[in-house]
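To start, the structure itself, in structure tokens.
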Amino acid sequence: MKICHFYVRIMLKLRLLYKLPTIVLFICSACVILLLISVLELRWIQDEHLKYHHDDTTVAPKTEKVTKASNSLYLHVPKYVVFDRLDSTDMRHLKHVFEMLDYFNCQRTSLNASDWDVLWSFYYPFRILSTYVKDMKPHQLVNHFPGTGYITNKVDLALSGIAHIPPAFKLPNQKTALLDYVKKHPQKLFVQKSNSHRGIRIQKVEDLNLNTPETFVQEFIHNPLLVDGFKFDVGIYTIITSIDPLRLYIYNGDFLLRFCPEKYHPFDPQNLNKYVIGDDYLPTWKVPSLMKYYNELGFGMRESLNAHLRSQGKNPQKIWDQMEEAIRLVVLKKEPQILKAVSKYPSKNNFFEMFRFDFVVDDELNVFLLEANMSPNLSSDHYPPNQLLYRQVLFGLFSIVGLAHFKRRSLTPDAEVALKNIMVDSKSCSSHMCETCMSPECQLCMNCLTASNIRTLKQTYREFNNKQDNKRIFPPTMTPEEAAAPIDLEDYSSENQFMYRWFRKKCLMDVHWC
């Protein structure tokens with residue numbers, strides 16, 4: 001009140017002294033009031049933004065430290081560290097990783113620093129960097145899950161007995177089983193592989209060393225699908241953002257196609273260039289039947305292959321559906337082993353991982369998984385046109401795991417995701433049945449959700465909004481009709497059942513979520 005009286009007295013004196021008209025005094029007063037309101041509003045915004053960073057522990061990744069940004073607002077700048085090899089100084093193969101981290105406004109810091117937000121390691125870090133990852137803070141993220149070697153280990157994968165993986169036999173333990181299989185299928189060809197050696201060569205079973213330890217013999221797909229006579233494989237970049245509940249995505253913007261440099265026929269097992277895809281593979285833009293689609297019409301690798309197969313009366317969707325199924329089966333089968341390894345760490349929320357699953361297709365469009373790569377090649381030095389694929393893969397990866405969050409200026413956590421965004425099935429939750437939480441359907445109701453459930457669903461909601469060209473394959477995409485139909489989820493863990501049901505309910509509320 002004293003300020004108001006003082007202001008009125010000044011205005012009256014100015015009017016008498018300078019004989020100012022009333023309208024001028026009115027305009028001056030309005031300007032002063034607007035200025036005061038603007039100052040108070042800016043102060044409120046600063047307070048709320050600071051409160052956002054200190055109070056919401058469900059947003060990941062973040063740290064307690066903030067850096068002053070423009071317009072007097074506070075925005076945390078994430079820091080990242082990179083590990084390649086202890087003796088490595090050349091990291092050109094990680095050029096696009098650095099590019100995209102810089103794009104997301106991340107700052108590189110020393111490996112010895114403790115305030116990092118993201119650790120990117122080319123190698124499996126949980127032995128070499130054990131001191132860095134054993135006591136991670138809630139906001140810190142590592143680009144590998146403990147235990148994913150169960151997926152990328154060639155022997156474990158080949159012997160897993162999962163559909164879409166060619167039959168394999170571990171040596172020397174399964175030597176007898178291999179010989180029995182050969183008797184039943186004398187026309188089959190085989191290759192001998194190991195974890196430590198990339199090269200393969202087709203040989204007759206009698207020429208193989210069946211007593212070599214730590215190796216396995218696997219059936220060779222002798223009738224591959226050919227394009228212009230060239231055999232090829234398909235690489236699909238795959239992302240795990242969460243274990244138990246499992247959330248699994250593939251980068252769906254394009255797939256990596258690699259062709260053998262020499263035509264498959266006439267077949268010669270001594271000529272590896274006919275059936276082994278190495279570093280000097282034939283790229284899509286040099287394959288005659290795909291060149292027009294890729295070079296002239298601007299399509300990606302997958303769509304160029306799609307167009308070619310459709311021109312031959314074949315349905316390429318059959319291929320992609322099988323590949324999604326194969327990836328889903330492998331990760332679900334290995335999830336318990338990964339979860340056991342993750343349980344040794346304070347939280348299972350500190351990890352994400354991107355693999356590349358490599359497939360071959362036979363001439364009947366059957367799909368076979370060859371291997372999964374833990375740290376897939378992302379260097380375009382050898383094939384510069386691949387830089388677009390690698391950049392987009394990394395952009396999608398960093399978006400879905402939450403680095404895009406740091407570029408936002410949300411004033412409060414619920415501006416991005418609030419409770420109402422994760423609530424589903426109003427009909428069941430409003431019924432007397434869900435006053436208790438005995439029914440599985442009721443476990444998605446607010447009175448039944450735990451704090452951990454809420455954090456999981458909020459993070460899932462953010463992933464969905466940040467997924468870019470990534471496609472969810474577990475829980476699988478579905479139609480509204482599939483979401484409404486009864487389904488048996490007994491084969492899944494309780495956490496995976498919970499996640500699956502939530503997506504089904506979201507799909508029924510909004511087809512966009514299907």
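All residue names refer to the structure tokens as shown: chains lettered A, B, ... in order, residues numbered from 1 in each chain, ligands numbered from 1 in order.
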Residues of range 471-505 of chain A that approach range 242-261 of chain A to 10 Å or less, counting only C-alpha atoms: could you list each one with the shortest pair of atoms and its distance in Å to one decimal, rows by chain and increasing residue number, as JSON lines?
```
{"residue": "A:Lys471", "atom": "CA", "partner": "A:Tyr249", "partner_atom": "CA", "distance": 5.2}
{"residue": "A:Arg472", "atom": "CA", "partner": "A:Tyr249", "partner_atom": "CA", "distance": 4.3}
{"residue": "A:Ile473", "atom": "CA", "partner": "A:Tyr249", "partner_atom": "CA", "distance": 5.4}
{"residue": "A:Phe474", "atom": "CA", "partner": "A:Leu248", "partner_atom": "CA", "distance": 5.0}
{"residue": "A:Pro475", "atom": "CA", "partner": "A:Arg247", "partner_atom": "CA", "distance": 6.6}
{"residue": "A:Pro476", "atom": "CA", "partner": "A:Leu248", "partner_atom": "CA", "distance": 8.7}
{"residue": "A:Tyr492", "atom": "CA", "partner": "A:Pro245", "partner_atom": "CA", "distance": 9.7}
{"residue": "A:Ser493", "atom": "CA", "partner": "A:Asp244", "partner_atom": "CA", "distance": 7.5}
{"residue": "A:Ser494", "atom": "CA", "partner": "A:Pro245", "partner_atom": "CA", "distance": 8.3}
{"residue": "A:Glu495", "atom": "CA", "partner": "A:Pro245", "partner_atom": "CA", "distance": 4.8}
{"residue": "A:Asn496", "atom": "CA", "partner": "A:Pro245", "partner_atom": "CA", "distance": 4.7}
{"residue": "A:Gln497", "atom": "CA", "partner": "A:Pro245", "partner_atom": "CA", "distance": 8.1}
{"residue": "A:Phe498", "atom": "CA", "partner": "A:Pro245", "partner_atom": "CA", "distance": 7.8}
{"residue": "A:Met499", "atom": "CA", "partner": "A:Pro245", "partner_atom": "CA", "distance": 6.3}
{"residue": "A:Tyr500", "atom": "CA", "partner": "A:Pro245", "partner_atom": "CA", "distance": 8.9}
```
Non-local contacts of Ile239 in chain A (12 Å; only C-alpha atoms; under 6 positions in same chain excluded) as an NGL selection string: :A and (143-145 or 148 or 246-252 or 327-328 or 331 or 351-357 or 372-376 or 393-394 or 396-401 or 463 or 467 or 469-474)
Polymer residues at most 10 Å from His93 in chain A, only C-alpha atoms, same-chain spacing of 5 or more positions, as a VMD selection string: chain A and resid 84 98 122 377 to 381
Could you list, as a list of chain:residue names, every residue within 10 Å of Val191 in chain A, counting only C-alpha atoms and ignoring same-chain residues fewer than 4 positions away?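 Surrounding residues, per the criterion: A:Ala168, A:Gly199, A:Ile200, A:Arg201, A:Ile202, A:Gln203, A:Lys204, A:Val205, A:Leu208, A:Phe216, A:Val217, A:Gln218, A:Glu219, A:Phe220, A:Ile221.
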Please identify all polymer residues within 12 Å of Phe503 in chain A, counting only C-alpha atoms, omitting same-chain residues fewer than 2 positions from it, and present them as a PyMOL selection string. chain A and resi 247+422-425+444+457+460-461+464+472-480+482-484+496-501+505-514
Tell me, which residues of range 96-264 of chain A carry DSSP alpha helix (DSSP H), written as a ChimeraX atom specification? /A:96-103,125-128,130-133,149-152,154-158,175-184
Could you work out how far CA of Asn386 in chain A lies from CA of Leu119 in chain A, giving the answer in Å with one decimal?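 Value for the CA of Leu119 in chain A-CA of Asn386 in chain A distance: 24.6 Å.
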